[in-house]
Amino acid sequence: MKKLITFAAVAALCAFSAVADTKTVVVTAAGADTYSAPIDVSGYIDRVEVVRTVDTSSDIVNIDLGTWSGTTLLQSIVDINSAATNMTAVVARPRVVGTAVDGTALTAANTSVETGTGTNAVASTILSAPYERIMAGGNLKLKVSASGGTNATVTATIYYERTAK
């Protein structure tokens with residue numbers, strides 16, 4: 001009986017250890033840069049759904065979700081130039097490559113160079129760093145930049161795997 005209770009307790013802890021959650025934020029910009037209030041997201045970001053509405057499809061609206069110090073961007077998670085992409089809705093699955101100790105990005109993939117011929121051909125380089133989900137710690141903001149005379153409303157829904165702060 002003790003084993004069964006212990007097993008049930010461990011199973012319950014495993015079930016609650018990784019919990020998916022969402023946060024939705026709406027920003028309306030009228031011809032200027034407009035920032036959301038801080039978005040309380042703590043965990044690994046899986047995907048971000050962005051929907052925008054503007055007066056006309058040709059209006060320029062830049063959308064940037066990232067970590068900020070005031071108005072200084074520290075890390076961009078989603079960066080969309082909606083005029084260039086002509087988007088009204090997009091799903092982004094942001095992934096990054098880690099950095100070395102000096103902050104430079106590691107090489108994600110190297111061009112393979114074959115040595116030998118035929119069945120003896122061997123690639124001399126391989127994938128050296130994986131793309132990983134971004135971990136956020138609660139200081140996200142959504143910035144919407146609208147061109148003069150543009151009224152834009154952007155709704156971003158962030159899907160993430162919660163972790164303890």
# chains A, B, ... in the order shown; residues from 1 in each chain; ligands from 1

call {"tool": "residues_around", "arguments": {"residues": "A:Asn62", "least_positions_apart": "5", "cutoff": "6 Å", "atoms": "only C-alpha atoms", "output": "PyMOL selection string"}}
result
chain A and resi 80-82+144-145

call {"tool": "write_last_selection", "arguments": {"atoms": "N, CA and C atoms", "output": "PDB file, in the first residue's frame"}}
result
ATOM      1  N   ILE A  80       8.516  41.597 -36.129  1.00  0.00           N
ATOM      2  CA  ILE A  80       7.765  41.502 -37.380  1.00  0.00           C
ATOM      3  C   ILE A  80       7.594  42.888 -37.973  1.00  0.00           C
ATOM      4  N   ASN A  81       7.991  43.035 -39.228  1.00  0.00           N
ATOM      5  CA  ASN A  81       7.672  44.230 -39.997  1.00  0.00           C
ATOM      6  C   ASN A  81       6.453  43.848 -40.820  1.00  0.00           C
ATOM      7  N   SER A  82       5.284  44.255 -40.353  1.00  0.00           N
ATOM      8  CA  SER A  82       4.052  43.773 -40.975  1.00  0.00           C
ATOM      9  C   SER A  82       3.857  44.292 -42.394  1.00  0.00           C
ATOM     10  N   VAL A 144       4.747  48.251 -30.249  1.00  0.00           N
ATOM     11  CA  VAL A 144       4.113  48.428 -31.552  1.00  0.00           C
ATOM     12  C   VAL A 144       4.513  49.805 -32.068  1.00  0.00           C
ATOM     13  N   SER A 145       5.140  49.826 -33.236  1.00  0.00           N
ATOM     14  CA  SER A 145       5.546  51.081 -33.877  1.00  0.00           C
ATOM     15  C   SER A 145       4.675  51.277 -35.102  1.00  0.00           C
TER      16      SER A 145
END

call {"tool": "closest_residue", "arguments": {"among": "A:Ala152, A:Val91, A:Val50, A:Val97", "to": "A:Ala129", "atoms": "only C-alpha atoms"}}
result
A:Val97

call {"tool": "residues_around", "arguments": {"residues": "A:Leu106", "least_positions_apart": "3", "cutoff": "9 Å", "atoms": "only C-alpha atoms", "output": "MDAnalysis selection string"}}
result
chainID A and resid 97:100 103 128:129

call {"tool": "residues_around", "arguments": {"residues": "stretch 66-74 of chain A", "least_positions_apart": "2", "cutoff": "7 Å", "atoms": "only C-alpha atoms", "output": "PDB file with C-alpha atoms, in the first residue's frame"}}
result
ATOM      1  CA  ASP A  64       8.594  43.609 -31.353  1.00  0.00           C
ATOM      2  CA  SER A  76      14.140  40.295 -29.287  1.00  0.00           C
ATOM      3  CA  ILE A  77      11.827  37.291 -29.209  1.00  0.00           C
ATOM      4  CA  VAL A  78       9.490  38.162 -32.098  1.00  0.00           C
ATOM      5  CA  ASN A 139      10.184  41.264 -18.011  1.00  0.00           C
ATOM      6  CA  LEU A 140       8.637  41.002 -21.477  1.00  0.00           C
ATOM      7  CA  LYS A 141       6.988  43.905 -23.269  1.00  0.00           C
ATOM      8  CA  LEU A 142       5.227  44.214 -26.598  1.00  0.00           C
TER       9      LEU A 142
END

call {"tool": "atom_distance", "arguments": {"atom1": "atom CA of A:Ala92", "atom2": "atom CA of A:Gln75"}}
result
15.5 Å

call {"tool": "closest_residue", "arguments": {"among": "A:Thr163, A:Ser36, A:Thr53, A:Thr22", "to": "A:Asn151", "atoms": "only C-alpha atoms"}}
result
A:Thr53

call {"tool": "residues_around", "arguments": {"residues": "stretch 24-27 of chain A", "least_positions_apart": "4", "cutoff": "6 Å", "atoms": "only C-alpha atoms", "output": "PDB file with N, CA and C atoms, in the first residue's frame"}}
result
ATOM      1  N   SER A  36       3.593  47.883 -24.196  1.00  0.00           N
ATOM      2  CA  SER A  36       2.655  47.292 -23.244  1.00  0.00           C
ATOM      3  C   SER A  36       3.216  47.434 -21.838  1.00  0.00           C
ATOM      4  N   THR A 153      -3.858  48.149 -33.895  1.00  0.00           N
ATOM      5  CA  THR A 153      -4.066  47.370 -32.683  1.00  0.00           C
ATOM      6  C   THR A 153      -3.432  46.008 -32.902  1.00  0.00           C
ATOM      7  N   VAL A 154      -2.562  45.616 -31.982  1.00  0.00           N
ATOM      8  CA  VAL A 154      -1.869  44.335 -32.081  1.00  0.00           C
ATOM      9  C   VAL A 154      -2.211  43.506 -30.851  1.00  0.00           C
ATOM     10  N   THR A 155      -2.621  42.272 -31.090  1.00  0.00           N
ATOM     11  CA  THR A 155      -2.899  41.325 -30.017  1.00  0.00           C
ATOM     12  C   THR A 155      -1.887  40.202 -30.120  1.00  0.00           C
ATOM     13  N   ALA A 156      -1.151  39.971 -29.044  1.00  0.00           N
ATOM     14  CA  ALA A 156      -0.166  38.886 -29.007  1.00  0.00           C
ATOM     15  C   ALA A 156      -0.552  37.908 -27.906  1.00  0.00           C
ATOM     16  N   THR A 157      -0.632  36.645 -28.267  1.00  0.00           N
ATOM     17  CA  THR A 157      -0.889  35.586 -27.289  1.00  0.00           C
ATOM     18  C   THR A 157       0.377  34.755 -27.190  1.00  0.00           C
TER      19      THR A 157
END

call {"tool": "atom_distance", "arguments": {"atom1": "atom CA of A:Lys23", "atom2": "atom CA of A:Arg52"}}
result
16.5 Å

call {"tool": "residues_around", "arguments": {"residues": "A:Gly138", "least_positions_apart": "3", "cutoff": "9 Å", "atoms": "only C-alpha atoms", "output": "list in words"}}
result
Pro38, Ile39, Asp40, Val41, Ser42, Gly43, Thr67 and Lys165 of chain A

call {"tool": "atom_distance", "arguments": {"atom1": "atom CA of A:Val19", "atom2": "atom CA of A:Leu65"}}
result
22.1 Å

call {"tool": "closest_residue", "arguments": {"among": "A:Thr34, A:Gly148, A:Asp21, A:Ala29", "to": "A:Val48", "atoms": "only C-alpha atoms"}}
result
A:Asp21

call {"tool": "closest_residue", "arguments": {"among": "A:Ala37, A:Ile134, A:Val61, A:Ala89", "to": "A:Gly149", "atoms": "only C-alpha atoms"}}
result
A:Val61
